[in-house]
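Have a look at the structure below before the remarks.
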Amino acid sequence: MSDTTPTLDKAKLWLSETFDEETRKKVQTLIDSESPDLEDSFYRELEFGTGGMRGIMGVGTNRLNKYTLGQATQGLANYLHQQFSGEEIKVAIAYDVRHNSKEFGKVVADVLTANGIKVLLFKDHRPTPELSFTVRDKKCNAGIVLTASHNPPEYNGYKVYWNDGAQIVPPDDENIIREVYATKFENIKFDGNDDLIEWIGEDQDDVYVDACMENSLYQNVGRDNLNIVFTSIHGTTYTTVPKALKKAGFTKVDLVQEQMIPSGNFPTVASPNPEEPAALSMAMDLAEITNADILIGTDPDGDRLGIAVRNLEGEIQLLNGNQCNTILTYYILDQWKKAGKITGKEFIGSTIVTSDIFFDVAEKFGVDCKVGLTGFKWIGKMIRDFEGQEKFICGGEESFGFMTGDFVRDKDSCGSILTACEIAAWCKANGTTVYQYMIDIYKEVGFYYEGLINVVRKGRSGAEEIQEMMKNFRENPPKEIAGSPVEEVKDFKEQTCFVVSKNEKKVMDDIPKSNVLIYYTQDGTKVCVRPSGTEPKIKFYVSVKDSITSEQDFVEKLPKLEEKINKVKQDLNL
């Protein structure tokens with residue numbers, strides 16, 4: 001069935017006996033009421049983006065439901081049998097706190113077991129990174145997690161991991177998608193075999209937490225004197241992070257109790273996104289009461305983290321993703337260097353939309369900085385591609401994701417939190433703060449500052465508008481941004497880099513094609529434009545830079561860089 005098939009005809013197919021009675025009733029209601037939801041529910045099929053398949057729950061081909069999940073899982077099962085013919089195939093499944101996640105987890109398990117595949121199914125909510133860890137720890141062929149990350153409550157999602165514990169990448173993702181789209185709803189096997197399910201839970205948490213400690217901790221300094229505030233924002237990390245902090249010796253941990261209750265409604269926040277200060281407002285209130293040195297919150301599936309620390313005025317301030325990753329990366333590389341572990345065959349991972357500061361940090365410590373497309377699946381691919389040749393140390397991207405070591409092949413809040421708290425404890429023991437440590441890093445490698453602008457356009461018309469915006473930016477690139485001429489235009493869809501001053505176009509085929517544009521100006525300003533792969537947004541990532549020699553220099557130049565980012569917004573009519 002193609003996306004050009006009229007919406008009503010697509011909807012009527014869902015009135016057949018292939019679909020259960022409840023689904024048929026809901027579809028009939030949409031048709032009879034001439035609901036505008038009918039168009040959005042059926043006008044296309046859900047696609048796999050940078051984070052897998054993600055969408056609003058409900059009936060229809062463009063919704064997350066028993067049948068779209070069943071189709072995805074049947075396609076995956078078919079591909080697994082092709083790839084691992086004659087072997088016992090094992091798949092681990094986890095799910096977050098969202099509505100229907102537990103039920104969806106069982107539906108997916110049933111489809112797999114109906115296809116003769118053994119399933120390791122978590123008994124209850126677990127963070128995405130624990131699923132990634134478990135795939136490798138239990139030697140599974142694949143993994144699945146039901147999550148929509150930080151999307152609103154009406155969303156859910158489905159991410160597939162391969163046997164290395166990383167999200168699927170080419171060619172496996174394309175081959176799986178081909179099998180998924182070749183699967184008809186009537187051919188999905190829903191009648192599962194519970195004898196093929198192995199239930200896992202707390203014992204696996206302990207193995208995962210121990211691995212986090214082993215890979216994320218370096219020196220035991222002042223852990224019992226650090227005041228920490230933590231919130232899971234109603235998400236999955238209530239199962240792991242408090243346990244990990246306690247086991248690592250951080251004794252002064254205050255939890256935002258109201259938000260430690262798992263809930264798909266996320267009742268205390270407008271959005272469970274640790275990128276947004278509002279999501280951490282309750283934690284910030286508690287931090288003032290407890291005089292916390294560091295505050296940490298995680299998103300619903302526990303792979304991303306937001307960190308707030310005391311700024312130069314002593315106020316709790318949320319760091320952006322690039323700032324968090326700069327601090328973590330610099331500290332980890334410094335520890336590796338002091339331990340004599342850097343030999344010149346190590347690397348860190350980053351993405352094309354992340355700050356270029358990581359090239360400078362890598363150069364300082366004599367390691368390589370490899371860069372991939374947006375999404376940790378590409379950092380996972382780097383690790384696999386260079387396994388046995390170069391050692392992966394750590395990696396991150398601007399959207400509040402970081403990973404320490406390669407024991408988890410996806411961004412991992414638990415290990416990152418342990419490292420962040422160790423840094424905070426070490427700073428406090430030495431009479432300084434994490435914020436001052438960040439400024440010291442900027443003095444060493446350059447002062448980078450970033451801003452992110454999200455332009456939301458929902459539904460079919462919104463998707464078309466985003467396409468048109470990308471087309472316009474591609475065909476009519478800006479000549480000047482914030483007072484500086486554009487020097488380079490990188491087009492990852494066309495895989496070209498145009499150097500303006502030389503009127504020269506070069507091929508960039510070291511990174512797969514993606515609908516992303518990056519502009520570099522002569523003064524080092526970087527603007528990246530890309531449609532989100534998981535949300536109805538077009539995103540503009542802005543990075544500006546300067547040099548500083550002192551704390552006072554930082555204080556004076558910060559507002560100038562903020563002003564420059566606002567000028568970029570004006571120049572791009574955002």
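In the structure tokens, the first chain shown is A, the next is B, and so on; residue numbers restart at 1 for each chain, and ligands run from 1 in the order shown.
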*For Glu258 (chain A), work out the shell of residues within 10 Å, counting only C-alpha atoms and skipping chain neighbours fewer than 5 positions away, then give it as a list in words.*
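With the cut-off at 10 Å, the set is Thr231, Ser232, Ile233, His234, Pro267, Thr268 and Met282 of chain A.
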Counting only C-alpha atoms, give me one row per residue of region 231-331 of chain A with an atom at most 12 Å from an atom of region 343-348 of chain A, showing the shortest contact pair and its distance in Å to one decimal, sorted by chain then residue number, as a Markdown table.
```
| residue | atom | partner | partner_atom | distance |
| --- | --- | --- | --- | --- |
| A:Asn325 | CA | A:Ile348 | CA | 11.2 |
| A:Thr326 | CA | A:Ile348 | CA | 11.5 |
| A:Leu328 | CA | A:Ile348 | CA | 11.6 |
| A:Thr329 | CA | A:Ile348 | CA | 8.3 |
| A:Tyr330 | CA | A:Ile348 | CA | 10.7 |
```
*Would you mind listing what lies within 10 Å of Pro485 (chain A) as a list of chain:residue names, with only C-alpha atoms counted and same-chain residues fewer than 3 positions away left out?*
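With the cut-off at 10 Å, the set is A:Pro478, A:Lys479, A:Glu480, A:Ile481, A:Ala482, A:Glu488, A:Val500, A:Ser501, A:Tyr520, A:Thr521, A:Gln522, A:Asp523, A:Thr525.
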_as a PyMOL selection string, please: the residues near region 194-201 of chain A (cut-off 10 Å, only C-alpha atoms, same-chain neighbours under 6 positions excluded)._
chain A and resi 90-94+106+109-110+112-114+116-126+134+239
Filtering to N, CA and C atoms, could you give me those residues as an mmCIF file, in the first residue's frame?
```cif
data_model
loop_
_atom_site.group_PDB
_atom_site.id
_atom_site.type_symbol
_atom_site.label_atom_id
_atom_site.label_comp_id
_atom_site.auth_asym_id
_atom_site.auth_seq_id
_atom_site.Cartn_x
_atom_site.Cartn_y
_atom_site.Cartn_z
ATOM 1 N N LYS A 90 17.892 -15.007 20.222
ATOM 2 C CA LYS A 90 17.429 -14.386 21.469
ATOM 3 C C LYS A 90 17.267 -12.879 21.262
ATOM 4 N N VAL A 91 16.184 -12.332 21.793
ATOM 5 C CA VAL A 91 15.937 -10.886 21.723
ATOM 6 C C VAL A 91 15.550 -10.394 23.115
ATOM 7 N N ALA A 92 16.201 -9.333 23.577
ATOM 8 C CA ALA A 92 15.851 -8.714 24.858
ATOM 9 C C ALA A 92 14.851 -7.577 24.614
ATOM 10 N N ILE A 93 13.884 -7.430 25.517
ATOM 11 C CA ILE A 93 12.864 -6.386 25.381
ATOM 12 C C ILE A 93 12.737 -5.609 26.689
ATOM 13 N N ALA A 94 12.785 -4.288 26.572
ATOM 14 C CA ALA A 94 12.527 -3.407 27.718
ATOM 15 C C ALA A 94 11.492 -2.374 27.312
ATOM 16 N N LYS A 106 4.591 -6.839 25.750
ATOM 17 C CA LYS A 106 4.106 -8.227 25.672
ATOM 18 C C LYS A 106 3.641 -8.575 24.263
ATOM 19 N N ALA A 109 6.744 -9.265 22.384
ATOM 20 C CA ALA A 109 7.280 -10.564 22.829
ATOM 21 C C ALA A 109 6.488 -11.716 22.207
ATOM 22 N N ASP A 110 5.167 -11.575 22.171
ATOM 23 C CA ASP A 110 4.318 -12.638 21.607
ATOM 24 C C ASP A 110 4.613 -12.870 20.126
ATOM 25 N N LEU A 112 7.407 -12.321 18.578
ATOM 26 C CA LEU A 112 8.712 -12.981 18.468
ATOM 27 C C LEU A 112 8.628 -14.459 18.842
ATOM 28 N N THR A 113 7.995 -14.743 19.973
ATOM 29 C CA THR A 113 7.915 -16.158 20.395
ATOM 30 C C THR A 113 7.047 -16.968 19.440
ATOM 31 N N ALA A 114 6.048 -16.332 18.836
ATOM 32 C CA ALA A 114 5.233 -17.026 17.827
ATOM 33 C C ALA A 114 6.072 -17.404 16.612
ATOM 34 N N GLY A 116 9.148 -18.457 17.037
ATOM 35 C CA GLY A 116 10.163 -19.377 17.538
ATOM 36 C C GLY A 116 11.397 -18.708 18.102
ATOM 37 N N ILE A 117 11.292 -17.427 18.455
ATOM 38 C CA ILE A 117 12.429 -16.671 18.957
ATOM 39 C C ILE A 117 12.331 -16.537 20.475
ATOM 40 N N LYS A 118 13.440 -16.830 21.180
ATOM 41 C CA LYS A 118 13.461 -16.702 22.635
ATOM 42 C C LYS A 118 13.499 -15.221 23.015
ATOM 43 N N VAL A 119 12.762 -14.856 24.064
ATOM 44 C CA VAL A 119 12.676 -13.460 24.494
ATOM 45 C C VAL A 119 13.114 -13.328 25.943
ATOM 46 N N LEU A 120 13.986 -12.346 26.199
ATOM 47 C CA LEU A 120 14.327 -11.946 27.570
ATOM 48 C C LEU A 120 13.547 -10.659 27.835
ATOM 49 N N LEU A 121 12.502 -10.761 28.640
ATOM 50 C CA LEU A 121 11.576 -9.646 28.835
ATOM 51 C C LEU A 121 11.693 -9.100 30.259
ATOM 52 N N PHE A 122 11.977 -7.804 30.371
ATOM 53 C CA PHE A 122 12.028 -7.190 31.698
ATOM 54 C C PHE A 122 10.644 -7.214 32.343
ATOM 55 N N LYS A 123 10.629 -7.494 33.657
ATOM 56 C CA LYS A 123 9.361 -7.607 34.377
ATOM 57 C C LYS A 123 8.650 -6.260 34.492
ATOM 58 N N ASP A 124 9.439 -5.187 34.510
ATOM 59 C CA ASP A 124 8.848 -3.862 34.699
ATOM 60 C C ASP A 124 9.724 -2.831 33.989
ATOM 61 N N HIS A 125 9.367 -1.537 34.186
ATOM 62 C CA HIS A 125 10.089 -0.454 33.506
ATOM 63 C C HIS A 125 11.597 -0.559 33.718
ATOM 64 N N ARG A 126 12.336 -0.345 32.643
ATOM 65 C CA ARG A 126 13.789 -0.279 32.733
ATOM 66 C C ARG A 126 14.321 0.764 31.754
ATOM 67 N N THR A 134 22.194 -5.116 28.246
ATOM 68 C CA THR A 134 21.716 -6.494 28.381
ATOM 69 C C THR A 134 21.875 -7.273 27.083
ATOM 70 N N THR A 239 14.767 2.907 39.049
ATOM 71 C CA THR A 239 15.196 1.524 39.275
ATOM 72 C C THR A 239 16.716 1.380 39.392
#
```
*Just asking: which residues within region 253-404 of chain A are strand (DSSP E) according to DSSP, as a VMD selection string?*
chain A and resid 253 to 255 294 to 298 305 to 310 316 to 318 346 to 351 368 to 372 391 to 397 401 to 404
*Measuring atom to atom with only C-alpha atoms, identify which of A:Val135, A:Ala424, A:Val27, A:Cys528 is nearest to Arg474 (chain A).*
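Answer, going by the shortest atom-to-atom distance: A:Cys528.
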*asked:* Nearest residue to Ser41 (chain A) out of A:Gly459, A:Gly105, A:Pro536, A:Gly405, using only C-alpha atoms?
replied: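 Of the candidates, the smallest distance to Ser41 (chain A) is held by A:Gly459.
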_Neighbouring residues of region 63-70 of chain A were defined as those with any atom within 9 Å, considering only C-alpha atoms; residues of the same chain fewer than 5 positions away were excluded. Please report them as a PyMOL selection string._
chain A and resi 19+40-42+45-46+53-58+75+104+107-108+111+155-158+185+188-190
